[in-house]
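Have a look at protein13.txt; it's compact mmCIF, C-alpha atoms and all ligand atoms:
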# COMPACT_ATOMS: atom_id res chain seq x y z
CA MET A 1 -51.05 -56.15 -6.60
CA ALA A 2 -53.13 -53.05 -7.37
CA THR A 3 -56.78 -53.78 -8.03
CA ASP A 4 -59.90 -51.76 -8.82
CA ILE A 5 -62.19 -51.25 -5.84
CA SER A 6 -65.29 -49.08 -5.46
CA ILE A 7 -66.46 -47.73 -2.11
CA LEU A 8 -70.06 -46.58 -1.69
CA GLY A 9 -70.64 -44.63 1.51
CA LEU A 10 -68.03 -42.19 2.75
CA GLY A 11 -69.00 -41.64 6.35
CA LEU A 12 -66.37 -41.97 9.04
CA MET A 13 -65.82 -45.67 8.31
CA GLY A 14 -66.19 -45.62 4.51
CA SER A 15 -63.69 -42.75 4.27
CA ALA A 16 -61.19 -44.68 6.41
CA LEU A 17 -61.62 -47.77 4.21
CA ALA A 18 -61.16 -45.76 1.01
CA GLY A 19 -58.14 -43.84 2.34
CA THR A 20 -56.44 -47.05 3.47
CA LEU A 21 -57.00 -48.78 0.11
CA LEU A 22 -55.59 -45.74 -1.70
CA LYS A 23 -52.50 -45.76 0.53
CA ALA A 24 -52.07 -49.48 -0.23
CA GLY A 25 -51.86 -48.56 -3.94
CA HIS A 26 -55.28 -49.73 -5.16
CA ARG A 27 -57.28 -47.88 -7.81
CA VAL A 28 -60.26 -46.62 -5.81
CA THR A 29 -63.56 -45.20 -7.08
CA VAL A 30 -65.77 -43.55 -4.50
CA TRP A 31 -69.38 -42.41 -4.26
CA ASN A 32 -71.34 -40.82 -1.43
CA ARG A 33 -74.89 -39.50 -1.24
CA SER A 34 -73.59 -36.08 -0.15
CA ALA A 35 -70.88 -35.41 -2.69
CA ALA A 36 -68.68 -33.18 -0.50
CA LYS A 37 -67.39 -36.17 1.49
CA ALA A 38 -65.65 -37.47 -1.65
CA GLU A 39 -63.46 -34.37 -1.98
CA PRO A 40 -60.65 -35.31 0.50
CA LEU A 41 -60.42 -38.74 -1.14
CA ALA A 42 -60.31 -37.23 -4.63
CA ALA A 43 -57.35 -35.16 -3.41
CA GLN A 44 -55.66 -38.44 -2.41
CA GLY A 45 -56.18 -39.90 -5.89
CA ALA A 46 -59.63 -41.52 -5.80
CA ALA A 47 -61.88 -41.36 -8.86
CA VAL A 48 -65.28 -39.91 -7.97
CA ALA A 49 -68.36 -41.51 -9.54
CA ALA A 50 -71.38 -39.32 -10.28
CA THR A 51 -73.84 -42.04 -9.29
CA ALA A 52 -73.84 -45.24 -7.25
CA ALA A 53 -74.53 -47.23 -10.45
CA GLU A 54 -71.45 -45.67 -12.09
CA ALA A 55 -69.32 -46.62 -9.06
CA VAL A 56 -70.60 -50.21 -9.31
CA LEU A 57 -69.58 -50.39 -12.98
CA ALA A 58 -66.06 -49.10 -12.22
CA SER A 59 -64.74 -52.10 -10.23
CA PRO A 60 -65.21 -55.84 -9.79
CA LEU A 61 -65.19 -55.36 -6.00
CA VAL A 62 -67.87 -53.00 -4.68
CA ILE A 63 -67.69 -52.20 -0.96
CA VAL A 64 -70.78 -50.69 0.66
CA CYS A 65 -70.52 -49.03 4.08
CA VAL A 66 -73.61 -46.98 4.94
CA LEU A 67 -76.09 -46.58 7.79
CA ASP A 68 -78.22 -49.72 7.32
CA TYR A 69 -79.32 -52.42 4.87
CA ALA A 70 -82.28 -50.37 3.67
CA ALA A 71 -79.80 -47.73 2.45
CA THR A 72 -77.63 -50.48 0.93
CA ARG A 73 -80.54 -51.85 -1.10
CA GLN A 74 -81.68 -48.35 -2.06
CA LEU A 75 -78.32 -47.29 -3.46
CA LEU A 76 -77.68 -50.57 -5.32
CA ASP A 77 -81.18 -50.64 -6.79
CA GLY A 78 -80.95 -50.42 -10.58
CA ALA A 79 -77.16 -50.90 -10.70
CA ASP A 80 -75.76 -53.64 -12.94
CA LEU A 81 -74.45 -56.16 -10.42
CA ALA A 82 -73.64 -58.93 -12.94
CA GLY A 83 -70.06 -60.10 -12.45
CA ARG A 84 -69.51 -57.80 -9.45
CA THR A 85 -68.73 -58.82 -5.89
CA VAL A 86 -70.77 -56.77 -3.44
CA LEU A 87 -69.07 -56.63 -0.04
CA ASN A 88 -71.47 -55.12 2.46
CA LEU A 89 -69.62 -53.80 5.52
CA THR A 90 -72.73 -52.12 6.88
CA ASN A 91 -73.84 -53.23 10.35
CA GLY A 92 -76.95 -55.39 10.19
CA ARG A 93 -78.74 -58.62 11.11
CA PRO A 94 -78.07 -62.16 9.83
CA ALA A 95 -81.53 -62.30 8.20
CA GLU A 96 -80.84 -59.04 6.32
CA ALA A 97 -77.49 -60.39 5.10
CA ARG A 98 -79.12 -63.57 3.79
CA GLU A 99 -81.87 -61.59 2.02
CA THR A 100 -79.36 -59.19 0.48
CA ALA A 101 -77.16 -62.10 -0.64
CA ALA A 102 -80.11 -63.75 -2.39
CA TRP A 103 -81.00 -60.46 -4.09
CA VAL A 104 -77.42 -59.80 -5.31
CA THR A 105 -76.87 -63.37 -6.55
CA GLY A 106 -80.27 -63.23 -8.29
CA LEU A 107 -78.89 -60.29 -10.28
CA GLY A 108 -75.75 -62.22 -11.26
CA GLY A 109 -73.35 -60.87 -8.63
CA ASP A 110 -71.41 -62.49 -5.79
CA TYR A 111 -72.10 -61.44 -2.21
CA LEU A 112 -69.89 -61.12 0.83
CA ASP A 113 -70.98 -59.73 4.15
CA GLY A 114 -68.60 -58.29 6.68
CA GLY A 115 -68.44 -57.14 10.27
CA ILE A 116 -65.84 -54.50 11.09
CA MET A 117 -64.32 -55.07 14.52
CA ALA A 118 -62.48 -51.74 14.62
CA VAL A 119 -63.05 -48.00 14.75
CA PRO A 120 -62.04 -45.88 11.72
CA GLN A 121 -58.68 -44.91 13.28
CA MET A 122 -57.72 -48.61 13.51
CA ILE A 123 -58.34 -49.44 9.84
CA GLY A 124 -55.09 -50.50 8.17
CA ALA A 125 -53.30 -50.83 11.52
CA PRO A 126 -52.43 -53.92 13.57
CA GLY A 127 -55.31 -54.98 15.84
CA ALA A 128 -58.07 -54.30 13.31
CA LEU A 129 -60.20 -57.32 12.41
CA ILE A 130 -62.92 -57.77 9.79
CA LEU A 131 -65.21 -60.82 9.84
CA TYR A 132 -66.40 -62.12 6.46
CA SER A 133 -69.02 -64.60 5.27
CA GLY A 134 -70.65 -65.45 1.96
CA SER A 135 -69.29 -66.63 -1.39
CA PRO A 136 -66.03 -68.55 -0.73
CA ALA A 137 -64.83 -67.95 -4.31
CA ALA A 138 -65.36 -64.19 -3.97
CA PHE A 139 -63.52 -64.15 -0.65
CA ASP A 140 -60.55 -66.05 -2.13
CA ARG A 141 -60.46 -63.65 -5.09
CA HIS A 142 -60.47 -60.47 -3.00
CA GLU A 143 -58.70 -61.53 0.18
CA PRO A 144 -55.28 -60.14 -0.89
CA ALA A 145 -56.74 -56.63 -1.35
CA LEU A 146 -58.89 -56.84 1.80
CA THR A 147 -55.84 -57.66 3.92
CA ALA A 148 -54.84 -53.98 3.57
CA LEU A 149 -57.88 -52.97 5.68
CA ALA A 150 -57.61 -55.36 8.63
CA GLU A 151 -56.88 -58.96 9.48
CA PRO A 152 -59.53 -60.85 7.50
CA ARG A 153 -61.36 -63.74 9.21
CA TYR A 154 -63.62 -65.82 6.91
CA LEU A 155 -66.39 -67.61 8.83
CA GLY A 156 -68.19 -69.61 6.15
CA GLU A 157 -70.54 -69.62 3.17
CA ASP A 158 -73.72 -68.64 5.05
CA PRO A 159 -73.78 -64.83 4.58
CA GLY A 160 -75.51 -64.44 7.96
CA LEU A 161 -72.43 -65.62 9.87
CA ALA A 162 -70.45 -62.36 9.77
CA PRO A 163 -73.32 -60.29 11.24
CA LEU A 164 -74.08 -63.05 13.78
CA TYR A 165 -70.49 -63.08 15.03
CA ASP A 166 -70.26 -59.28 14.79
CA LEU A 167 -73.34 -58.91 17.01
CA ALA A 168 -72.00 -61.58 19.40
CA MET A 169 -68.73 -59.62 19.68
CA LEU A 170 -70.72 -56.42 20.33
CA THR A 171 -72.77 -58.32 22.93
CA GLY A 172 -69.56 -59.16 24.81
CA MET A 173 -68.45 -55.55 24.50
CA TYR A 174 -71.72 -54.07 25.77
CA GLY A 175 -71.72 -56.54 28.68
CA GLN A 176 -68.21 -55.37 29.57
CA PHE A 177 -69.27 -51.70 29.35
CA ALA A 178 -72.34 -52.45 31.52
CA GLY A 179 -70.04 -53.92 34.17
CA PHE A 180 -67.57 -51.06 33.89
CA LEU A 181 -70.23 -48.35 34.14
CA SER A 182 -71.88 -50.00 37.16
CA ALA A 183 -68.52 -50.40 38.91
CA ALA A 184 -67.62 -46.79 38.09
CA ALA A 185 -70.92 -45.52 39.58
CA LEU A 186 -70.27 -47.51 42.77
CA ILE A 187 -66.73 -46.10 43.19
CA ALA A 188 -67.93 -42.58 42.34
CA SER A 189 -70.63 -42.88 45.04
CA GLU A 190 -67.80 -42.58 47.61
CA ARG A 191 -66.12 -39.78 45.59
CA ARG A 192 -63.15 -42.03 44.87
CA SER A 193 -61.18 -41.74 41.62
CA VAL A 194 -62.79 -43.86 38.91
CA ALA A 195 -59.73 -43.38 36.65
CA GLU A 196 -57.34 -44.75 39.24
CA PHE A 197 -59.65 -47.64 40.18
CA THR A 198 -60.11 -48.54 36.51
CA GLU A 199 -56.45 -48.53 35.62
CA SER A 200 -54.89 -50.09 38.71
CA LEU A 201 -57.60 -52.56 39.77
CA LEU A 202 -60.48 -53.13 37.38
CA VAL A 203 -58.61 -53.66 34.10
CA PRO A 204 -56.14 -56.26 35.52
CA TRP A 205 -59.12 -58.01 37.18
CA LEU A 206 -61.09 -58.08 33.90
CA HIS A 207 -58.03 -59.51 32.10
CA ALA A 208 -57.82 -62.27 34.72
CA MET A 209 -61.54 -63.01 34.39
CA ALA A 210 -61.35 -62.98 30.58
CA ALA A 211 -58.77 -65.75 30.84
CA ILE A 212 -61.31 -68.09 32.45
CA THR A 213 -63.95 -67.63 29.74
CA PRO A 214 -62.44 -70.01 27.10
CA PRO A 215 -62.75 -72.98 29.52
CA MET A 216 -66.33 -71.86 30.17
CA GLY A 217 -66.90 -71.93 26.40
CA THR A 218 -65.66 -75.53 26.35
CA GLN A 219 -68.09 -76.38 29.16
CA ILE A 220 -70.98 -74.75 27.29
CA ASP A 221 -70.15 -76.69 24.09
CA ALA A 222 -70.16 -79.91 26.14
CA ALA A 223 -73.21 -78.92 28.28
CA ASP A 224 -71.09 -79.89 31.29
CA HIS A 225 -71.55 -77.34 34.05
CA ALA A 226 -69.61 -78.92 36.90
CA THR A 227 -67.34 -76.40 38.61
CA ASP A 228 -64.14 -76.24 40.61
CA VAL A 229 -64.13 -72.40 40.37
CA ALA A 230 -67.28 -71.00 42.03
CA ASN A 231 -70.80 -72.38 42.10
CA LEU A 232 -74.03 -70.54 41.36
CA GLU A 233 -75.10 -70.43 45.02
CA VAL A 234 -71.92 -68.44 45.85
CA ASN A 235 -72.60 -66.15 42.88
CA ARG A 236 -76.24 -65.73 43.99
CA VAL A 237 -75.11 -64.43 47.39
CA ALA A 238 -72.51 -62.09 45.81
CA LEU A 239 -75.13 -60.63 43.43
CA ALA A 240 -77.59 -60.13 46.31
CA ASN A 241 -74.84 -58.25 48.19
CA LEU A 242 -74.19 -56.17 45.07
CA GLU A 243 -77.84 -55.18 44.70
CA THR A 244 -78.19 -54.23 48.37
CA THR A 245 -74.91 -52.30 48.37
CA PHE A 246 -75.83 -50.40 45.21
CA ARG A 247 -79.11 -49.32 46.83
CA GLU A 248 -77.35 -48.37 50.10
CA GLN A 249 -74.87 -46.26 48.10
CA GLY A 250 -77.69 -44.55 46.17
CA VAL A 251 -76.62 -46.16 42.88
CA ARG A 252 -78.99 -47.87 40.45
CA PRO A 253 -78.21 -51.59 40.04
CA ASP A 254 -80.36 -51.75 36.88
CA LEU A 255 -77.64 -53.06 34.56
CA LEU A 256 -76.91 -56.01 36.86
CA LEU A 257 -80.45 -56.99 37.80
CA PRO A 258 -81.19 -59.09 34.69
CA LEU A 259 -78.11 -61.21 35.42
CA LYS A 260 -79.12 -61.54 39.07
CA ALA A 261 -82.64 -62.64 38.07
CA ILE A 262 -81.24 -65.42 35.88
CA VAL A 263 -78.88 -66.64 38.60
CA ASP A 264 -81.78 -66.63 41.11
CA ARG A 265 -83.97 -68.61 38.68
CA ARG A 266 -81.28 -71.21 38.00
CA VAL A 267 -80.57 -71.69 41.70
CA ALA A 268 -84.31 -71.89 42.51
CA GLY A 269 -84.50 -74.64 39.88
CA GLY A 270 -82.12 -76.75 41.96
CA HIS A 271 -78.88 -75.99 40.08
CA GLY A 272 -76.98 -74.10 42.79
CA ALA A 273 -73.95 -76.42 42.54
CA GLU A 274 -73.36 -75.62 38.86
CA ASP A 275 -70.83 -73.29 37.25
CA LEU A 276 -71.80 -69.81 35.93
CA SER A 277 -71.60 -71.41 32.45
CA ALA A 278 -74.95 -73.09 33.25
CA LEU A 279 -76.75 -69.74 32.81
CA VAL A 280 -76.54 -70.24 29.07
CA GLU A 281 -79.12 -73.04 29.52
CA GLU A 282 -81.53 -70.42 30.90
CA LEU A 283 -80.85 -68.10 27.97
CA ARG A 284 -81.37 -70.45 25.05
N1 LIG B 301 -67.62 -45.76 12.99
C1 LIG B 301 -67.28 -46.91 13.56
O1 LIG B 301 -66.52 -46.97 14.56
C2 LIG B 301 -67.76 -48.21 12.99
C3 LIG B 301 -67.20 -49.43 13.44
C4 LIG B 301 -67.64 -50.63 12.91
C5 LIG B 301 -68.65 -50.64 11.96
N2 LIG B 301 -69.20 -49.46 11.55
C6 LIG B 301 -70.31 -49.52 10.59
O2 LIG B 301 -70.01 -48.78 9.40
C7 LIG B 301 -71.24 -48.27 8.87
C8 LIG B 301 -71.07 -46.78 8.61
O3 LIG B 301 -70.74 -46.15 9.86
P1 LIG B 301 -70.05 -44.71 9.90
O4 LIG B 301 -69.44 -44.60 11.26
O5 LIG B 301 -69.24 -44.48 8.67
O6 LIG B 301 -71.37 -43.80 9.86
P2 LIG B 301 -71.52 -42.28 9.38
O7 LIG B 301 -70.25 -41.54 9.53
O8 LIG B 301 -72.72 -41.75 10.08
O9 LIG B 301 -71.82 -42.42 7.83
C9 LIG B 301 -73.05 -42.97 7.38
C10 LIG B 301 -72.96 -43.12 5.87
O10 LIG B 301 -74.19 -43.71 5.41
C11 LIG B 301 -74.67 -42.89 4.34
N3 LIG B 301 -76.13 -43.03 4.24
C12 LIG B 301 -77.03 -43.02 5.26
N4 LIG B 301 -78.28 -43.20 4.76
C13 LIG B 301 -78.14 -43.32 3.42
C14 LIG B 301 -79.07 -43.54 2.37
N5 LIG B 301 -80.40 -43.66 2.59
N6 LIG B 301 -78.58 -43.65 1.11
C15 LIG B 301 -77.25 -43.53 0.86
N7 LIG B 301 -76.33 -43.32 1.81
C16 LIG B 301 -76.77 -43.23 3.09
C17 LIG B 301 -74.23 -41.51 4.69
O11 LIG B 301 -74.30 -40.66 3.57
P3 LIG B 301 -74.31 -39.05 3.77
O12 LIG B 301 -72.87 -38.66 3.99
O13 LIG B 301 -74.88 -38.54 2.50
O14 LIG B 301 -75.18 -38.77 4.98
C18 LIG B 301 -72.79 -41.80 5.12
O15 LIG B 301 -71.97 -42.04 4.00
C19 LIG B 301 -72.33 -48.56 9.91
O16 LIG B 301 -73.04 -49.72 9.54
C20 LIG B 301 -71.54 -48.83 11.16
O17 LIG B 301 -72.21 -49.68 12.09
C21 LIG B 301 -68.75 -48.26 12.02
Can you dump the structure from the file as structure tokens?
Amino acid sequence: MATDISILGLGLMGSALAGTLLKAGHRVTVWNRSAAKAEPLAAQGAAVAATAAEAVLASPLVIVCVLDYAATRQLLDGADLAGRTVLNLTNGRPAEARETAAWVTGLGGDYLDGGIMAVPQMIGAPGALILYSGSPAAFDRHEPALTALAEPRYLGEDPGLAPLYDLAMLTGMYGQFAGFLSAAALIASERRSVAEFTESLLVPWLHAMAAITPPMGTQIDAADHATDVANLEVNRVALANLETTFREQGVRPDLLLPLKAIVDRRVAGGHGAEDLSALVEELR
């Protein structure tokens, strides 16, 4: 069913969100600080608001997708938020989401926060995921329209949950990139093809290792770090070999050293027989 939706912020992501909602048949009003970015969307049928406050008035669902929460607050300041749902898809911290939720609800609006687990090209296509948290009633009301953007995953009423999970997902991603970049530097140190190594060896290996992380999650939830896979003492030796080999190859092991330090500390504390999952006890 076509609904009225406003989008504030037409950068790469905001433009993709607006374009996808237009294609899905919704009535879309857009606003951006630099007006020129609204032109391609106007050509696709979007209404262009002259001010952010005017865009807020145009629709019951107001999506904000800008650089940071300071910009979010700045552009909503003075707008009449009563009866509106503000959905903030701007990347931020749980504490900022909670503060913004309190501010919006204090002005009579509903608040949803969201974490976009996709790049602009993925919006509206299979594989895109958006995490939501905040007002359950607002999520229920707008879920049918939001489904056009990505698979929606509602995490709970605490508005800080979507940014928390978003940042946890990014943490996993950056850890994977840190491993990939270190491995690539090691292979490149022998002038071997990184592309071939990545495709034929590393990616299948990472898939296999990803498959053993859900059982590790179960162990962490239960604080049971017994292992029949590989103990920390074995991992300590492997990481020591990595560090020495990196140095011998003239490659910086910097991205791996923090992990090695935590393994060393856990083993020195008498926990060498435990699973890798036990490192979470050192982190929290
Ligand atoms: N791109 C991605 O792959 C991706 C993926 C997931 C999540 N996100 C999140 O989506 C959000 C937007 O990212 P993007 O890639 O669209 O960034 P972008 O292309 O750099 O666009 C930034 C947007 O923020 C606006 N903006 C910045 N400061 C502002 C201010 N003080 N007042 C009003 N508007 C302001 C810009 O307006 P002007 O055009 O006037 O400069 C522009 O519309 C970020 O939080 C990002 O983390 C992006």
Given all atoms listed in the file, how would the per-residue table for stretch 133-160 of chain A near stretch 61-75 of chain A read, listing every residue at most 10 Å away with its closest atom pair and distance in Å to one decimal, sorted by chain and number, as a Markdown table?
| residue | atom | partner | partner_atom | distance |
| --- | --- | --- | --- | --- |
| A:Ala138 | CA | A:Leu61 | CA | 9.1 |
| A:Arg141 | CA | A:Leu61 | CA | 9.6 |
| A:His142 | CA | A:Leu61 | CA | 7.6 |
| A:Ala145 | CA | A:Leu61 | CA | 9.7 |
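Using all atoms listed in the file, the shortest contact distance between A:Pro253 and any of A:Arg192, A:Ala178, A:Leu12, A:Leu206 is found at A:Ala178.
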Find the residues with any atom within 10 Å of (-70.1, -75.0, 36.7); use only C-alpha atoms and the coordinates as given in the file, and write the answer as a PyMOL selection string.
chain A and resi 216+219-220+223-232+271-279
Applying 10 Å and all atoms listed in the file, which residues near A:Thr51 remain after dropping the ones on its own chain fewer than 2 positions away? List them as a list in words.
Leu8, Val30, Trp31, Asn32, Arg33, Ala35, Val48, Ala49, Ala53, Glu54, Ala55, Val56, Leu75 and Ala79 of chain A
Kindly save the residues from that selection, with C-alpha atoms included, as a PDB file, keeping the file's coordinate frame.
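Writing the result to part.pdb gives the following:
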ATOM      1  CA  LEU A   8     -70.060 -46.580  -1.690  1.00  0.00           C
ATOM      2  CA  VAL A  30     -65.770 -43.550  -4.500  1.00  0.00           C
ATOM      3  CA  TRP A  31     -69.380 -42.410  -4.260  1.00  0.00           C
ATOM      4  CA  ASN A  32     -71.340 -40.820  -1.430  1.00  0.00           C
ATOM      5  CA  ARG A  33     -74.890 -39.500  -1.240  1.00  0.00           C
ATOM      6  CA  ALA A  35     -70.880 -35.410  -2.690  1.00  0.00           C
ATOM      7  CA  VAL A  48     -65.280 -39.910  -7.970  1.00  0.00           C
ATOM      8  CA  ALA A  49     -68.360 -41.510  -9.540  1.00  0.00           C
ATOM      9  CA  ALA A  53     -74.530 -47.230 -10.450  1.00  0.00           C
ATOM     10  CA  GLU A  54     -71.450 -45.670 -12.090  1.00  0.00           C
ATOM     11  CA  ALA A  55     -69.320 -46.620  -9.060  1.00  0.00           C
ATOM     12  CA  VAL A  56     -70.600 -50.210  -9.310  1.00  0.00           C
ATOM     13  CA  LEU A  75     -78.320 -47.290  -3.460  1.00  0.00           C
ATOM     14  CA  ALA A  79     -77.160 -50.900 -10.700  1.00  0.00           C
TER      15      ALA A  79
END
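Minimum atom-to-atom distance to ligand LIG 301 (chain B), evaluated using all atoms listed in the file, belongs to A:Lys37 out of A:Lys23, A:Arg84, A:Arg153, A:Lys37.
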Using Å and a single decimal, report how far atom CA of A:Ser133 sits from atom CA of A:Pro159.
4.8 Å
Tell me which of A:Ala102, A:Ala97, A:Met117, A:Ala38 sits closest to ligand LIG 301 (chain B), counting only C-alpha atoms and all ligand atoms.
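Of A:Ala102, A:Ala97, A:Met117, A:Ala38, the one nearest ligand LIG 301 (chain B), counting only C-alpha atoms and all ligand atoms, is A:Met117.
Interatomic distance, atom CA of A:Val267 against atom CA of A:Glu282: 10.9 Å.
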From atom CA of A:Gly108 to atom CA of A:Leu129 the spacing works out at 28.7 Å
With distances taken over all atoms listed in the file, the candidate from A:Thr90, A:Ser193, A:Thr85, A:Ser15 nearest ligand LIG 301 (chain B) is A:Thr90
Rank A:Thr29, A:Thr20, A:Asn91, A:Gln44 by their smallest atom-to-atom distance to ligand LIG 301 (chain B), using all atoms listed in the file, and report the top residue only.
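Smallest distance to ligand LIG 301 (chain B) is found for A:Asn91.
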Need the neighbours of (-52.2, -52.8, 8.5): which residues are at most 9 Å away, counting all atoms listed in the file, as an MDAnalysis selection string?
chainID A and resid 20 122:128 147:151
Top pick for closest residue to A:Pro94, considering A:Leu76, A:Ala36, A:Leu161, A:Ala82 and counting only C-alpha atoms
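The shortest atom-to-atom distance to A:Pro94 comes from A:Leu161.
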Would you mind listing what lies within 12 Å of A:Tyr132 as a VMD selection string, with only C-alpha atoms counted and same-chain residues fewer than 4 positions away left out?
chain A and resid 87 to 90 97 111 to 117 136 138 to 140 142 to 143 146 to 147 150 to 166
Exercise: A:Arg247 partners within 12 Å, all atoms listed in the file, chain neighbours under 6 positions left out, as number ranges by chain
A: 185-186, 189, 240-241, 253-254, 257
Return the padded bounding box of ligand LIG 301 (chain B) as AutoDock Vina command-line options: axis-aligned, built from all atoms listed in the file, 5 Å added on each side, with centre and edge lengths in Å to one decimal.
--center_x -73.5 --center_y -44.6 --center_z 7.7 --size_x 23.9 --size_y 22.1 --size_z 23.7
